[in-house]
Structure formats: structure tokens, C-alpha cells
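Participant: Dropping a structure here in C-alpha cells format, bear with me for questions.
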Amino acid sequence: MGKTSGKIIDLRRFPGFLPLTLLCLVMLYAPLLVVMVYSFNDNSSITLWSGFSLRWYDDVFFGLEAPKFKQAALNSLTIAFAAATCATAIAVSAAVAMLRARNLRGRTASFALINLPLMVPEIVTAVASLIFFSAIGFTAGYLTILVAHIVFCIPFAYLPIAARMQSIEDTCEQAAMDLYATPAEAFRLILLPLMLPGIFSGYLLAFIISLDDFLITNFVKGAGIETLPTAIFGSVKQGIKPNIMAISTLLLLVSVGFVTLSYLASRMGQNPKTQINNDKKL
Amino acid sequence: MAGGIADAGAGTGAGIYRGRAGWLILPSWLVIGFFLLLPVIMMLVYSFLTKEFRGGVIWEFSLAAYDRFFFDRGLFGDEAPVIEWTYITIFWRSLWQAGLATLLCLVIGFPTAWFIATRVPRHRTVWLLLITVPYWVNLLIRTVSMKFLIRDSGPLNEFLLWLGVIAEPVHLINTNLAVQLGLFYSYLPFMVLPVYASAERYNFALSEAAADLYAGRWTTLRLIILPVVRPGIIAGSILVFVPSLGAFLAPDLLGGAKTFMIGSLIEEQFKGNAGNWPFGAAVSMILLTIVMMLLLLYARTQTRREAR
């Protein structure tokens, strides 16, 4: 391609696009790499570099603020775990209704509703939740954070699950039904195993999104409870300290680990063994 | 965004779960309806109530919140109303800040997306992964990292000084550019991915035809490629613009008082010292209205495209 009338030009290439792509990557990674490097700085001033040390990691785990951050991390993780689990369950159930039940009424409205958390700006969701919880007298704290997280995690869990389910035709379930499986059995023994890669990436996505949230959490949390982002934000407001950089590096590694897992899951999903009815579509 | 997913089901499923459809969809309706739709309606109601000092509301109908947004009636509220520019200015600033951030994402994101789409398929996944990995890192941490990098005595300035490009530190933090950089950094993958999805399907026979007709490379880009990839560009722009408009972290951490945006204005009504809930609710309603109008406009262009 690209060979026209003797003169060879590659029509795909544009001069300057490679440098811009590299610039893009530099802009994306430079801040993170810099923070990672400086988290190993021995100096207590963030400006001066005075040698490699693990003292700030030691500070994160055993220092003065360690109990606060440990509690915040525990809250973040348990909320993410619970919110992702609930959101995934709701999303699976919704996906089955949306994609497998022909007689579902109000499909468009349901689709809009499931995606509503993506359309409403985060700050508006935060305000609405705060007003709602205070109006019904739902005391702010762990539970309000959890409920708010479940809501905005649903679309993030739904999209990969629905995308995966869309690529599975229902012939296997039909066959199971012909062999006298109940709908519940057809779901549990046929559809669910086939959907597993989608469910897995939906779950991971919801988990990360929950772990990531600052704005909504900050609005609905009570005075006594912190998640990792709100604790970090509170600390950063007084200036960036080296221990924050160490925490950031740790969280960064957790995120990268999750992305790798999710990537592997999607690769697993493309494995021909699990892909029974997709050949026609590809 | 994924409009296809909603409709596609209608064709396939032969109704194995027919009797249960209502029950299966019910949890999502209950949770989102009760904990998002109802709260938004409640917020609308609150925007028409009277404010209670130190936060909260008094249940008395009042237009004070909207009145305060648009009109200035003097310190004691007894002067003839003139237009209040403070909040309109904040909205206007947020609109162009978000607009410039979107443009920045497009200017750097389009070449990146195109570059990735023209790699061999095996390499595309790796490039895409490289672009998306930072997105999975906590937004707060990314913004803090950016703040650390570009502050006056930060590594970026030290590096540039060491290179000799600049004689004294560039003041970036607390400027509009810093906010745009932060927004760019926050939402770039939202631009790259839809543009990539469009660019990947581009038929290079079109470029060949253009070249046969003596179109230069850049003419082809302008007259052929950009129009074909436009749906991806529009989708990407919406995905970057909408969250940028209501962003809180980037303007709050990277900008200063001069770059005050909608997000901070709203936050101040609930978390800060202002403590005016009806006003905060009213500002949120105005923001929500702008965003919904944008999304509806987008949905309409989409349906028109599908109809063609």
C-alpha cells in the first residue's frame, strides 16, 4: 500500500506524528515517574535529592501517621470490595435482562438509567447524594460512602459484562433448555461460565473506580471516616510531603497490578476454547 | 456511547429468561433510581428553598438561589437589580478552560491515535495499553504528581534550568495553563480511544484515491481523513469536555484563586465556608442542564447519522 505511480510514499505516515505520540507518553508518565523516584529520596525536603532510602516507606507503615493511613486504606479496600461485588451482581442481572429477555419493556429507558451515573457530572452526583442523605437523615459515614459507590460503579461493571455477553449467542442455552434445564440452570451452567471474563473485567473496573473516587466520597463521608483519597487530599492541602509520594507509589503499583490482571483476563477471554460461538462474528 | 448494546439484545435472546426480565432489571432500577435519580430531583427541590446559615435549608419556597446567580441587588438586597457577573464569569471561565483542555487533548491525542491505528495489529494493543495505564492510576495521585512536577522549584524547572533552556524558573502552578495540563492529563485516554476506534476502520483506498488525484499528504488529512474520523473526534471531545467542565481536583490543586471553576464554586457551598446549600444546588442544576443539553445534542447527531 502507498506505492503510487513509481514514487513511494507511505500514505499512513505523517511527519511529526511519532514525536507527538512520544510527547504524549512523556506527558503521561513523567509526573508518575518523578514521584516514584522522589519517594525514595532520603531528604525530608521534597526539593533536594540526597540519596536513596526507604525511610518514607518505613514512615508510611510505622510512622506517626501510619494508623491514620492504614485505617483509610482498610476503609478504601473494604468499600471497593463491597461496592464492586454489589455493582457487579446488579450489572450481571441487568445485562441478562437487557440482552437475553426479548420482552423486556422500557429497554431504552433502562439503558439510559444504567448509564445515568456516567452522564451526570461527578460533582452534581456528589451534591445530590449529600442532599439526599441529609434529607432522609441517613447518618453520614461508611454506609453512605458504600451506597454512593455502588451507584456509580454499576455502569462501569455493566459495560464490559454486556459487551462480553453480546458476543455469546444463546444457542448453548437453547440446547440446555431442550435438555430440560431450568432457566436458572441454563444461566448458572452455560451463560455464567462463558461470561466469566467479562464479569471479571467488569469487577476489576468497578473496584478501581471505587478505589479512585475522591469527590463523591468527600461529600458523603462523615467527619470521622476517611478513605485513602480523602486522607491523601487532606494531607496534600498542607503541602506535598515525602510520605505522600511513598503512598502514591504504592497505590500506583496496586493500580498497575489491577490493569495487568484485567488485561490478562481480556486475553483469556479471547482464548479460542472459551469462545464457542464467536467465530462467525470475527 | 454504547448505544448498540441496548438494542442488539432485542434481536438475539429468544426469551429464555422471558418471565424474569422484570425481576432481573429491577435491582438496577431500584438502586440507581433511589440513590441517584431521586437525589437529583431532591437537589432540584432544594435549589428552590431558603438557605439556613451553617448549611442545610429551611422548607420555604424561594427563588433566592437563582436570583443570586444572575442578579446583584446590593449588600442589603434592596437596590435595583443589575446583572451579577461573578458566577457567569466562573461558568464562562470553566467553559473555555474545558474547551482549551479538549483542544489540547485533540491536538496531541489525534496524532497519537492515528499513529497507533497505523501500527501492525500486534503492536496496537501494547501502544493502547501504554496510553491507558496512567488512566487507571488514582486521579488524585496523578494530579498531585503533576503539581509536584511543575511547581516553581520542581523537577521540570530544575531540568529546564539544567538544560539551559530557561534562565529562571517558569511559573506554571496556579495558572490557566496548569489547569489545562491537569485536565489534559486526567482525560486524555477519553480522546485517544474513540479517535483510535474511528481511525482503525479507515479505508486507505481513500488515501490512495486522493494521492492519485495529486492531493498532498496534508490535503488528504484535511479533506479526507478528518471528515471520516469525525465521529470519533466528536465522541472524544464530549468525553473530555463534560468531565473537564465539572472537574474539581485539577482546578483546585493546580489552579489558584484566579482559576476558580464551577467545581470549586459548588464545593465551597457545601464543604467550604460559604455554606449556602440552595445556591450550591442551583449551580449544580445549571451545570447539569448544560451537560444534559450537550449530551442530547450529541445523541441527536448520532441518530441522524444512523438514519442516513
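All residue names refer to the C-alpha cells as shown: chains lettered A, B, ... in order, residues numbered from 1 in each chain, ligands numbered from 1 in order.
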Could you give me the residues within stretch 149-214 of chain B that DSSP places in alpha helix (DSSP H), as a ChimeraX atom specification?

Facilitator: /B:149-150,155-163,176-200,204-212

Participant: Write out as a PyMOL selection string which residues come within 7 Å of stretch 117-124 of chain B when counting only C-alpha atoms, dropping same-chain ones fewer than 2 positions away.

Facilitator: (chain A and resi 12) or (chain B and resi 113-115+126-128+196+199-200)

Participant: Skipping near chain neighbours, those fewer than 4 positions away, what residues fall within 12 Å of A:Ala223 using only C-alpha atoms, listed as a PyMOL selection string?

Facilitator: (chain A and resi 139-142+217-219+227+230-231) or (chain B and resi 271)

Participant: Residues of stretch 183-243 of chain A within 12 Å of stretch 100-108 of chain A: nearest atom pair and distance (Å, one decimal) for each, counting only C-alpha atoms, sorted by chain and number, as a tab-separated table?

Facilitator:
residue	atom	partner	partner_atom	distance
A:Pro183	CA	A:Arg100	CA	11.2
A:Ala186	CA	A:Arg100	CA	12.0
A:Phe187	CA	A:Arg100	CA	10.5
A:Leu191	CA	A:Arg100	CA	10.4

Participant: Write out as a count of residues only all residues of stretch 28-214 of chain B that backbone DSSP assigns to strand (DSSP E or B).

Facilitator: 12

Participant: To one decimal place in Å, what is the distance between atom CA of B:Ala215 and atom CA of B:Pro227?

Facilitator: 15.4 Å

Participant: Show which residues sit within 10 Å of B:Pro278, as a ChimeraX atom specification. Count only C-alpha atoms, and ignore same-chain residues fewer than 5 positions away.

Facilitator: /A:131 /B:43-52,55-58,62-66,269-270,283-284

Participant: Quick check, in Å to one decimal: how far apart do atom CA of B:Ala98 and atom CA of B:Thr175 lie?

Facilitator: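 About the pair atom CA of B:Ala98 and atom CA of B:Thr175: they are 14.1 Å apart.
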
Participant: What is the atom CA of B:Tyr187-atom CA of A:Ser39 distance in Å, reported with one decimal?

Facilitator: 25.2 Å

Participant: Given only C-alpha atoms as the basis, pick out the residue of A:Ala135, A:Met27, A:Ile168, A:Val151 nearest to B:Arg142.

Facilitator: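 Counting only C-alpha atoms, the residue closest to B:Arg142 is A:Met27.
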
Participant: Just want the 9 Å neighbourhood of A:Pro229, counted on only C-alpha atoms, with same-chain residues fewer than 5 positions away dropped. Output as number ranges by chain.

Facilitator: A: 72-73, 76, 211-214, 217-218, 234; B: 138, 140-141

Participant: Excluding stretch 90-93 of chain B and its own-chain neighbours fewer than 2 positions away, which residues fall within 7 Å of it when counting only C-alpha atoms? Please give them as a PDB file with N, CA and C atoms, in the first residue's frame.

Facilitator:
ATOM      1  N   THR B  86     -20.143  37.762  38.604  1.00  0.00           N
ATOM      2  CA  THR B  86     -19.196  36.862  39.272  1.00  0.00           C
ATOM      3  C   THR B  86     -19.358  35.414  38.827  1.00  0.00           C
ATOM      4  N   TYR B  87     -20.603  34.914  38.933  1.00  0.00           N
ATOM      5  CA  TYR B  87     -20.816  33.481  38.688  1.00  0.00           C
ATOM      6  C   TYR B  87     -20.859  33.160  37.212  1.00  0.00           C
ATOM      7  N   ILE B  88     -21.399  34.127  36.427  1.00  0.00           N
ATOM      8  CA  ILE B  88     -21.399  33.925  34.980  1.00  0.00           C
ATOM      9  C   ILE B  88     -19.956  33.853  34.489  1.00  0.00           C
ATOM     10  N   LEU B  95     -16.029  27.024  30.983  1.00  0.00           N
ATOM     11  CA  LEU B  95     -16.316  26.582  29.618  1.00  0.00           C
ATOM     12  C   LEU B  95     -15.078  26.668  28.741  1.00  0.00           C
ATOM     13  N   TRP B  96     -14.364  27.804  28.790  1.00  0.00           N
ATOM     14  CA  TRP B  96     -13.208  27.878  27.891  1.00  0.00           C
ATOM     15  C   TRP B  96     -12.018  27.099  28.399  1.00  0.00           C
ATOM     16  N   GLN B  97     -11.886  26.976  29.733  1.00  0.00           N
ATOM     17  CA  GLN B  97     -10.811  26.108  30.244  1.00  0.00           C
ATOM     18  C   GLN B  97     -11.029  24.678  29.760  1.00  0.00           C
ATOM     19  N   PHE B 260     -10.523  29.824  39.503  1.00  0.00           N
ATOM     20  CA  PHE B 260     -11.698  29.267  40.158  1.00  0.00           C
ATOM     21  C   PHE B 260     -12.707  28.744  39.128  1.00  0.00           C
ATOM     22  N   MET B 261     -13.085  27.474  39.254  1.00  0.00           N
ATOM     23  CA  MET B 261     -14.024  26.902  38.283  1.00  0.00           C
ATOM     24  C   MET B 261     -15.302  26.411  38.972  1.00  0.00           C
ATOM     25  N   ILE B 262     -16.263  25.941  38.158  1.00  0.00           N
ATOM     26  CA  ILE B 262     -17.577  25.561  38.682  1.00  0.00           C
ATOM     27  C   ILE B 262     -17.463  24.573  39.842  1.00  0.00           C
TER      28      ILE B 262
END
